[in-house]
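Okay, structure first, notes after.
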Amino acid sequence: MFVNICGVTNEEDALLSVALGADAVGFIFAPSTRQVASGAVARITSRLPGEIMTIGVFRDSLPERVIEVAAAAGVKGVQLHGSETPEQVAVIRPHVHFLIKAFGAGSPMLDRAGKYEADALLIDAPNPGSGQVFDWRVLEGVPRTNRLILAGGLDPDNVAEAILRVQPWGVDVNSGVEASPGHKDHRKLRSFLMAARGAEAELADRGENARSPGTSALYNWEEDE
């Protein structure tokens with residue numbers, strides 16, 4: 001189960017997320033109360049273990065801007081949260097190790113999901129970034145040919161249920177583990193990761209797996225460096 005702690009703004013939260021078992025940390029470069037500068041992120045990413053995925057979140061930025069900021073920040077992947085076209089994504093894709101295309105639940109853009117050169121699809125609330133839970137049943141019609149990351153209102157109390165019901169490839173959390181915008185609550189972080197790993201183990205005990213491609217090829221970044 002791929003677990004991304006998003007909206008990280010400081011080194012302490014990044015290091016703690018990794019120490020508690022997160023697979024990835026995300027930094028928001030789009031306009032937001034959690035927006036961070038590429039220079040500050042570069043200082044954080046330089047301190048993280050090489051196997052950890054670092055992700056820059058963008059919304060409707062020009063492809064050239066995404067490539068420039070991602071390189072300056074030292075992030076390995078990008079998450080595109082706007083109305084980016086498949087053609088724009090294709091420009092960005094060769095310049096990053098991992099690319100996530102985000103969609104709001106029920107968005108008509110989901111009909112074109114297969115046209116994006118994305119390593120994973122992230123499904124958020126209809127109003128992406130709102131931190132609101134949505135009806136997970138709307139995901140029943142989403143094709144699982146791509147890795148599916150579930151976001152939107154996840155927290156320590158509901159992430160296990162979400163994983164057991166939806167069986168995503170990964171989960172993404174931001175405000176659900178915060179003490180205040182941009183600052184993580186360390187107890188919530190620990191509880192969230194314990195709940196996610198517990199649900200993952202329960203699926204394994206049942207002999208069930210997330211209904212999308214596996215994780216085996218995700219972490220060997222050294223081959224590309």
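By order of appearance in the structure tokens: chains A, B, ..., then residues from 1 within every chain, and ligands from 1 in the order shown.
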
Exercise for the section: Write out as a VMD selection string all residues of stretch 36-186 of chain A that DSSP puts in helix (DSSP H, G or I) for this structure's backbone. Expected result: chain A and resid 38 to 45 63 to 73 86 to 95 108 to 115 136 to 141 159 to 166 175 to 177 186

Written file, previous selection with C-alpha atoms, as a CSV table (one decimal), in the first residue's frame:
chain,number,residue,atom,x,y,z
A,38,SER,CA,11.3,25.1,-4.4
A,39,GLY,CA,14.5,26.2,-2.5
A,40,ALA,CA,12.9,25.2,0.8
A,41,VAL,CA,11.8,21.8,-0.6
A,42,ALA,CA,15.3,21.2,-2.0
A,43,ARG,CA,16.8,21.4,1.4
A,44,ILE,CA,14.2,18.9,2.7
A,45,THR,CA,14.5,16.4,-0.2
A,63,PRO,CA,4.6,22.1,-18.5
A,64,GLU,CA,7.9,24.0,-18.7
A,65,ARG,CA,7.2,25.5,-15.3
A,66,VAL,CA,6.4,22.1,-13.8
A,67,ILE,CA,9.7,20.7,-15.1
A,68,GLU,CA,11.7,23.7,-13.9
A,69,VAL,CA,10.3,23.7,-10.4
A,70,ALA,CA,10.4,20.0,-10.0
A,71,ALA,CA,14.1,19.9,-10.9
A,72,ALA,CA,14.9,22.9,-8.7
A,73,ALA,CA,13.1,21.3,-5.7
A,86,PRO,CA,-2.9,14.5,-22.1
A,87,GLU,CA,-0.7,16.5,-24.5
A,88,GLN,CA,0.7,18.6,-21.6
A,89,VAL,CA,1.2,15.6,-19.5
A,90,ALA,CA,3.2,13.9,-22.3
A,91,VAL,CA,5.6,16.9,-22.3
A,92,ILE,CA,6.2,16.5,-18.6
A,93,ARG,CA,6.4,12.8,-18.4
A,94,PRO,CA,10.0,12.2,-19.7
A,95,HIS,CA,11.4,14.6,-17.1
A,108,PRO,CA,-16.2,14.1,-16.8
A,109,MET,CA,-12.4,14.2,-17.4
A,110,LEU,CA,-12.2,10.6,-16.0
A,111,ASP,CA,-13.6,9.4,-19.3
A,112,ARG,CA,-10.2,10.4,-20.8
A,113,ALA,CA,-8.1,8.9,-18.0
A,114,GLY,CA,-6.7,6.3,-20.2
A,115,LYS,CA,-5.3,8.9,-22.6
A,136,TRP,CA,-16.5,5.8,-2.6
A,137,ARG,CA,-19.1,3.9,-4.7
A,138,VAL,CA,-18.5,6.3,-7.5
A,139,LEU,CA,-15.2,4.6,-8.0
A,140,GLU,CA,-16.8,1.3,-9.1
A,141,GLY,CA,-16.7,2.4,-12.7
A,159,VAL,CA,-8.6,5.2,6.2
A,160,ALA,CA,-8.8,1.5,7.1
A,161,GLU,CA,-12.5,1.4,6.0
A,162,ALA,CA,-11.5,3.2,2.8
A,163,ILE,CA,-8.8,0.7,2.0
A,164,LEU,CA,-10.9,-2.3,2.8
A,165,ARG,CA,-13.8,-1.1,0.7
A,166,VAL,CA,-12.1,0.5,-2.3
A,175,SER,CA,-5.5,17.9,6.3
A,176,GLY,CA,-6.6,14.6,7.9
A,177,VAL,CA,-3.3,14.4,9.8
A,186,HIS,CA,2.4,13.6,15.0

Handout entry: Neighbour list for A:Arg34 as number ranges by chain, cut-off 10 Å, only C-alpha atoms, skip fewer than 3 positions in-chain
Key = A: 6-9, 27-31, 174, 181-183

Write the residues you've just listed into a file as a JSON list (two decimals), in the first residue's frame, and include C-alpha atoms for each of them.
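The resulting file, selection_38.json, is shown below:
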[["chain", "number", "residue", "atom", "x", "y", "z"],
["A", 6, "CYS", "CA", 0.99, 15.45, 1.31],
["A", 7, "GLY", "CA", 1.06, 19.14, 2.18],
["A", 8, "VAL", "CA", 4.41, 18.88, 3.98],
["A", 9, "THR", "CA", 5.98, 22.28, 4.63],
["A", 27, "PHE", "CA", 4.97, 19.35, -1.39],
["A", 28, "ILE", "CA", 2.42, 21.81, -2.78],
["A", 29, "PHE", "CA", 3.66, 24.32, -5.34],
["A", 30, "ALA", "CA", 0.16, 25.38, -6.40],
["A", 31, "PRO", "CA", -1.50, 28.37, -4.70],
["A", 174, "ASN", "CA", -3.11, 16.01, 3.90],
["A", 181, "PRO", "CA", -2.64, 24.04, 7.94],
["A", 182, "GLY", "CA", 0.89, 23.06, 6.92],
["A", 183, "HIS", "CA", 1.78, 21.47, 10.26]]

Problem - For A:Gly50, the nearest of the candidates A:Leu80, A:Met194, A:Ala24, A:Ala37, counting only C-alpha atoms - result: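 So, comparing all the options, the nearest one is A:Ala24.
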
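The set of residues in stretch 47-131 of chain A assigned to strand (DSSP E or B) by DSSP, using only backbone atoms of this structure, is Met53, Thr54, Ile55, Gly56, Val57, Phe58, Gly77, Val78, Gln79, Leu80, Phe98, Leu99, Ile100, Lys101, Ala102, Phe103, Gly104, Ala120, Leu121, Leu122, Ile123 and Asp124 of chain A.
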
Practice task
Name the residues in contact with A:Pro49 at a cut-off of 10 Å, using only C-alpha atoms, excluding same-chain residues fewer than 4 positions from it; report them as a VMD selection string.
Solution key: chain A and resid 15 18 45 53
